[in-house]
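S.K.: Got input-v6.cif for you, mmCIF, C-alpha atoms:
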```
data_coords
loop_
_atom_site.label_atom_id
_atom_site.label_comp_id
_atom_site.auth_asym_id
_atom_site.auth_seq_id
_atom_site.Cartn_x
_atom_site.Cartn_y
_atom_site.Cartn_z
CA MET A 1 -14.71 8.27 -22.10
CA TRP A 2 -14.26 7.99 -18.35
CA ALA A 3 -10.47 8.58 -18.44
CA SER A 4 -11.07 12.19 -19.43
CA VAL A 5 -13.18 12.90 -16.33
CA GLU A 6 -11.74 15.57 -14.08
CA LEU A 7 -11.91 14.23 -10.53
CA PRO A 8 -12.75 16.64 -7.72
CA ALA A 9 -9.65 17.81 -5.83
CA TRP A 10 -10.45 15.60 -2.83
CA ALA A 11 -10.52 12.46 -5.05
CA ARG A 12 -7.28 13.09 -6.95
CA PRO A 13 -4.09 11.19 -6.10
CA LEU A 14 -1.67 13.01 -3.84
CA SER A 15 1.16 12.59 -6.35
CA ALA A 16 1.69 11.47 -9.92
CA PRO A 17 1.97 7.70 -10.52
CA THR A 18 5.51 6.38 -10.73
CA ALA A 19 6.99 3.98 -13.27
CA GLY A 20 8.24 0.59 -12.16
CA PRO A 21 7.13 -1.53 -9.22
CA PRO A 22 4.32 -0.21 -7.03
CA GLU A 23 5.54 2.14 -4.35
CA ARG A 24 3.53 4.11 -1.85
CA SER A 25 3.89 7.83 -2.56
CA SER A 26 5.96 9.76 -0.05
CA ALA A 27 2.87 11.93 0.42
CA PHE A 28 1.11 9.00 2.10
CA PRO A 29 1.87 8.53 5.79
CA THR A 30 4.12 5.57 6.46
CA THR A 31 2.24 2.61 7.92
CA PRO A 32 4.43 0.35 10.06
CA SER A 33 4.74 -3.05 8.43
CA GLY A 34 5.05 -4.77 11.83
CA LEU A 35 1.37 -4.17 12.59
CA PRO A 36 -1.13 -7.01 12.31
CA ASN A 37 -2.58 -6.95 8.80
CA VAL A 38 -6.09 -5.88 9.85
CA GLU A 39 -4.84 -2.84 11.76
CA ARG A 40 -2.38 -1.96 9.00
CA GLY A 41 -5.24 -2.28 6.46
CA ARG A 42 -7.45 -0.02 8.59
CA ARG A 43 -4.75 2.63 8.71
CA LEU A 44 -4.13 2.40 4.98
CA PHE A 45 -7.87 2.56 4.20
CA HIS A 46 -8.15 5.82 6.12
CA THR A 47 -4.88 7.45 5.04
CA VAL A 48 -4.56 6.72 1.31
CA GLY A 49 -8.04 7.93 0.44
CA CYS A 50 -10.36 4.89 0.38
CA ALA A 51 -12.54 6.33 3.15
CA VAL A 52 -13.08 9.57 1.23
CA CYS A 53 -15.25 7.76 -1.31
CA HIS A 54 -16.30 4.56 0.48
CA GLY A 55 -17.03 6.16 3.87
CA ILE A 56 -15.56 5.65 7.32
CA ASP A 57 -14.68 1.97 7.76
CA GLY A 58 -16.23 1.28 4.34
CA ALA A 59 -19.78 2.06 5.53
CA GLY A 60 -20.64 3.79 2.25
CA GLY A 61 -23.33 6.42 1.81
CA VAL A 62 -21.13 8.82 -0.18
CA ARG A 63 -23.22 10.36 -2.95
CA ASN A 64 -22.00 10.00 -6.54
CA PRO A 65 -24.06 12.28 -8.81
CA ASN A 66 -25.39 10.58 -11.96
CA TYR A 67 -24.03 7.16 -10.92
CA VAL A 68 -26.45 4.29 -11.62
CA ARG A 69 -26.61 3.36 -7.93
CA ASP A 70 -26.64 6.94 -6.51
CA THR A 71 -23.84 6.30 -3.99
CA ILE A 72 -20.31 4.94 -4.14
CA PRO A 73 -20.41 1.25 -3.12
CA ALA A 74 -20.17 0.41 0.58
CA LEU A 75 -17.51 -2.15 1.48
CA ASP A 76 -18.53 -3.08 5.02
CA ARG A 77 -20.30 -6.28 3.87
CA LEU A 78 -17.41 -7.60 1.83
CA ALA A 79 -17.47 -11.03 3.54
CA GLU A 80 -21.04 -11.62 2.34
CA ARG A 81 -20.13 -10.52 -1.18
CA MET A 82 -17.29 -13.08 -1.14
CA LEU A 83 -19.77 -15.75 0.10
CA LEU A 84 -18.03 -16.03 3.47
CA PHE A 85 -20.92 -16.58 5.88
CA GLU A 86 -19.11 -18.22 8.81
CA LYS A 87 -16.77 -16.23 11.06
CA ALA A 88 -14.22 -19.06 10.94
CA ASP A 89 -14.17 -18.84 7.13
CA VAL A 90 -13.63 -15.08 7.27
CA GLN A 91 -10.77 -15.62 9.73
CA THR A 92 -9.20 -18.24 7.43
CA VAL A 93 -9.17 -15.76 4.55
CA ILE A 94 -7.77 -12.96 6.76
CA GLU A 95 -4.94 -15.29 7.83
CA GLY A 96 -4.19 -16.11 4.17
CA LEU A 97 -4.13 -12.38 3.40
CA ALA A 98 -1.69 -11.85 6.30
CA ARG A 99 0.68 -14.41 4.77
CA HIS A 100 0.12 -12.85 1.32
CA ASP A 101 -0.41 -16.31 -0.17
CA LEU A 102 -4.20 -16.54 -0.26
CA PRO A 103 -4.65 -17.71 -3.87
CA ASP A 104 -2.10 -20.50 -3.39
CA THR A 105 -3.42 -21.79 -0.06
CA LEU A 106 -7.20 -21.64 -0.59
CA PRO A 107 -7.45 -25.13 -2.15
CA GLN A 108 -5.92 -26.65 1.02
CA SER A 109 -7.86 -24.43 3.43
CA GLY A 110 -10.97 -26.63 3.68
CA LEU A 111 -13.00 -23.53 2.90
CA PRO A 112 -16.35 -24.27 1.29
CA ARG A 113 -16.70 -22.60 -2.11
CA TRP A 114 -12.98 -21.77 -2.21
CA PRO A 115 -12.96 -21.36 -6.02
CA VAL A 116 -15.62 -18.64 -5.70
CA VAL A 117 -13.72 -16.95 -2.86
CA ARG A 118 -10.53 -16.97 -4.95
CA ALA A 119 -12.35 -15.57 -7.99
CA GLN A 120 -13.91 -12.81 -5.85
CA TYR A 121 -10.50 -11.99 -4.32
CA GLU A 122 -8.85 -11.76 -7.74
CA SER A 123 -11.72 -9.64 -9.05
CA LEU A 124 -11.46 -7.22 -6.11
CA ARG A 125 -7.69 -7.00 -6.42
CA ASN A 126 -8.01 -6.27 -10.15
CA LEU A 127 -10.64 -3.61 -9.47
CA ILE A 128 -8.43 -1.87 -6.90
CA TRP A 129 -5.31 -2.01 -9.07
CA ASN A 130 -6.90 -1.06 -12.40
CA GLY A 131 -9.88 1.07 -11.38
CA ASN A 132 -13.29 1.00 -13.00
CA PRO A 133 -15.51 3.51 -14.77
CA ALA A 134 -18.75 4.40 -13.01
CA GLY A 135 -21.92 3.70 -14.96
CA LYS A 136 -23.94 6.78 -15.88
CA ARG A 137 -27.64 6.91 -15.08
CA ASP A 138 -28.28 9.74 -17.56
CA PRO A 139 -26.03 9.56 -20.65
CA ARG A 140 -26.38 13.32 -21.11
CA GLY A 141 -25.58 14.09 -17.46
CA PRO A 142 -22.25 14.73 -15.75
CA GLU A 143 -19.63 12.01 -15.43
CA PRO A 144 -19.88 10.15 -12.11
CA ILE A 145 -16.75 9.63 -10.02
CA PRO A 146 -14.94 6.46 -11.24
CA MET A 147 -12.93 4.06 -9.12
CA PRO A 148 -9.33 5.21 -9.69
CA ALA A 149 -6.48 2.78 -10.37
CA TRP A 150 -4.22 2.25 -7.36
CA LYS A 151 -1.57 -0.09 -8.84
CA ASP A 152 1.06 2.65 -8.90
CA ARG A 153 0.36 3.69 -5.31
CA LEU A 154 -0.40 0.50 -3.38
CA SER A 155 1.70 -2.64 -3.15
CA SER A 156 0.26 -6.14 -3.33
CA GLU A 157 0.67 -6.40 0.45
CA ASP A 158 -1.15 -3.09 0.93
CA VAL A 159 -4.14 -4.37 -1.05
CA ASP A 160 -4.19 -7.64 0.93
CA ASP A 161 -4.13 -5.72 4.21
CA ILE A 162 -6.94 -3.38 3.15
CA LEU A 163 -9.05 -6.38 2.12
CA ALA A 164 -8.27 -8.06 5.47
CA PHE A 165 -9.48 -4.94 7.29
CA LEU A 166 -12.71 -4.83 5.28
CA LEU A 167 -13.35 -8.54 5.88
CA SER A 168 -12.73 -8.08 9.62
CA ARG A 169 -15.74 -5.75 9.77
CA SER A 170 -17.96 -8.87 9.69
CA LEU A 171 -16.31 -10.53 12.71
#
```
What's the structure tokens form of this structure?
M.R.:
Amino acid sequence: MWASVELPAWARPLSAPTAGPPERSSAFPTTPSGLPNVERGRRLFHTVGCAVCHGIDGAGGVRNPNYVRDTIPALDRLAERMLLFEKADVQTVIEGLARHDLPDTLPQSGLPRWPVVRAQYESLRNLIWNGNPAGKRDPRGPEPIPMPAWKDRLSSEDVDDILAFLLSRSL
């Protein structure tokens, strides 16, 4: 079972998860909330640990032994994965993430394929909050590094800002 995998020291959380509403651990540097969401997301991505596995600015290339895809997924082409092919559409989603009301405002946004964009957003948010086991290439081999759950360490606004940063990489 993937929950029993011992993560390398560099991939472990800086502190134990807390009960109750999500709070950023005091071990994480404080990120000013007055920053534009893309810059705040960039700072969070690089300070809470996302870049350790997903690479600088989400460029990927970090090896994950015995993982079915060999490397931890890159995130620098997130807009394409969300079927956002026009820069104006990417900007519309980033603005919705800045207001932290994206799921509610997508139907009125005029965005083509908005139901798909909303489903992709909710899927990504769920993946970040709840984590995901990494598929093993060789069942007898070592456990690959899973995506850890961040729901006890990142707020909803933090996740929106990180996603806004990753989407901005396509602008």
S.K.: Applied to this file, what does the PyMOL selection byres ((chain A and resi 35-48) around 8) return in terms of residues, put as a short mmCIF file (atom, residue, chain, number, x, y, z; two decimals) with C-alpha atoms, in the frame of the given file?
M.R.:
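File written: result_22.cif
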```cif
data_model
loop_
_atom_site.label_atom_id
_atom_site.label_comp_id
_atom_site.auth_asym_id
_atom_site.auth_seq_id
_atom_site.Cartn_x
_atom_site.Cartn_y
_atom_site.Cartn_z
CA PHE A 28 1.11 9.00 2.10
CA PRO A 29 1.87 8.53 5.79
CA THR A 31 2.24 2.61 7.92
CA PRO A 32 4.43 0.35 10.06
CA SER A 33 4.74 -3.05 8.43
CA GLY A 34 5.05 -4.77 11.83
CA GLY A 49 -8.04 7.93 0.44
CA CYS A 50 -10.36 4.89 0.38
CA ALA A 51 -12.54 6.33 3.15
CA VAL A 52 -13.08 9.57 1.23
CA ILE A 56 -15.56 5.65 7.32
CA ASP A 57 -14.68 1.97 7.76
CA ILE A 94 -7.77 -12.96 6.76
CA LEU A 97 -4.13 -12.38 3.40
CA ALA A 98 -1.69 -11.85 6.30
CA ASP A 158 -1.15 -3.09 0.93
CA VAL A 159 -4.14 -4.37 -1.05
CA ASP A 160 -4.19 -7.64 0.93
CA ASP A 161 -4.13 -5.72 4.21
CA ILE A 162 -6.94 -3.38 3.15
CA LEU A 163 -9.05 -6.38 2.12
CA ALA A 164 -8.27 -8.06 5.47
CA PHE A 165 -9.48 -4.94 7.29
CA LEU A 166 -12.71 -4.83 5.28
CA SER A 168 -12.73 -8.08 9.62
#
```
S.K.: Assuming the chain letters and numbering stay as they are in my file, what does the PyMOL selection byres ((chain A and resi 147) around 9) actually select? List them as a list in words.
M.R.: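 That selection, the PyMOL selection byres ((chain A and resi 147) around 9), comes back as Cys53, Ile72, Leu127, Ile128, Asn130, Gly131, Asn132, Pro133, Ala134, Ile145, Pro146, Pro148 and Ala149 of chain A.
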S.K.: CA of Arg125 (chain A) and CA of Leu75 (chain A), how far apart in Å?
M.R.: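 Interatomic distance here is 13.5 Å.
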S.K.: From the options A:Asp89, A:Asp138, A:Asp101, A:Asp70, which residue's atoms come nearest to Arg113 (chain A), counting all atoms listed in the file?
M.R.: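 Using all atoms listed in the file, the shortest distance to Arg113 (chain A) belongs to A:Asp89.
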S.K.: CA of Tyr67 (chain A) and CA of Glu80 (chain A) are how many Å apart?
M.R.: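 We find that CA of Tyr67 (chain A) and CA of Glu80 (chain A) lie 23.2 Å from each other.
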S.K.: Hey, what comes out of the PyMOL selection byres ((chain A and resi 143) around 8) on this file? Could you write it as a PDB file with C-alpha atoms, in the coordinates of the input?
M.R.:
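Listed below is the output, out19.pdb:
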```
ATOM      1  CA  TRP A   2     -14.260   7.990 -18.350  1.00  0.00           C
ATOM      2  CA  VAL A   5     -13.180  12.900 -16.330  1.00  0.00           C
ATOM      3  CA  PRO A  65     -24.060  12.280  -8.810  1.00  0.00           C
ATOM      4  CA  ASN A  66     -25.390  10.580 -11.960  1.00  0.00           C
ATOM      5  CA  TYR A  67     -24.030   7.160 -10.920  1.00  0.00           C
ATOM      6  CA  LYS A 136     -23.940   6.780 -15.880  1.00  0.00           C
ATOM      7  CA  GLY A 141     -25.580  14.090 -17.460  1.00  0.00           C
ATOM      8  CA  PRO A 142     -22.250  14.730 -15.750  1.00  0.00           C
ATOM      9  CA  PRO A 144     -19.880  10.150 -12.110  1.00  0.00           C
ATOM     10  CA  ILE A 145     -16.750   9.630 -10.020  1.00  0.00           C
TER      11      ILE A 145
END
```
